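Shown next, in structure tokens, is the structure this report addresses.
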Amino acid sequence: MPFANEIGLIAPIALLLAFFLLNLGKLTADHYTYQWLNVIGAAALTYTVISPINVGVLVTEVLWTLIGVYGVIKIFLKRRKAETTPTTPKAV
């Protein structure tokens, strides 16, 4: 598979960076950055385990990618709802 080694290096960098920043308190699960780092890392690992196939890791990484995409969509919908919800003026 072309570039499998290079893509394989992206995966741990993205996943570990997300985890590190989460533990430092720089990110939360509600940050796009955290979710996208997980999606990129998991998708990169998915690519690297296709040939030769490692079924256990493949299933794990596909699910990890889908969960990350779900997180991105959840953040998007939550922010869109907050933007369209009218705010009530504060009592003075």
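All residue names refer to the structure tokens as shown: chains lettered A, B, ... in order, residues numbered from 1 in each chain, ligands numbered from 1 in order.
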Exercise. Write out as a list in words which residues come within 9 Å of segment 68-73 of chain A when counting only C-alpha atoms, dropping same-chain ones fewer than 6 positions away.
Key: Ala29, Asp30, His31, Tyr32, Tyr34, Gln35, Trp36, Leu37, Asn38, Val39, Ile40 and Ala42 of chain A
Quiz prompt | Contacts of Ile7 of chain A at 8 Å (only C-alpha atoms; same-chain gap of 3+ positions) as a ChimeraX atom specification | solution = /A:3-4,10-11,44-45,47-48
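Here atom CA of Glu83 of chain A stands at a distance of 25.7 Å from atom CA of Leu22 of chain A.
Across the model, the gap from atom CA of Ala43 of chain A to atom CA of Val57 of chain A is 11.4 Å.
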Quiz prompt | helix (DSSP H, G or I) residues, from DSSP on the backbone, in chain A, as a PyMOL selection string | solution = chain A and resi 4-24+32-48+55-84
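Here atom CA of Glu61 of chain A is placed at a distance of 12.5 Å from atom CA of Gly8 of chain A.
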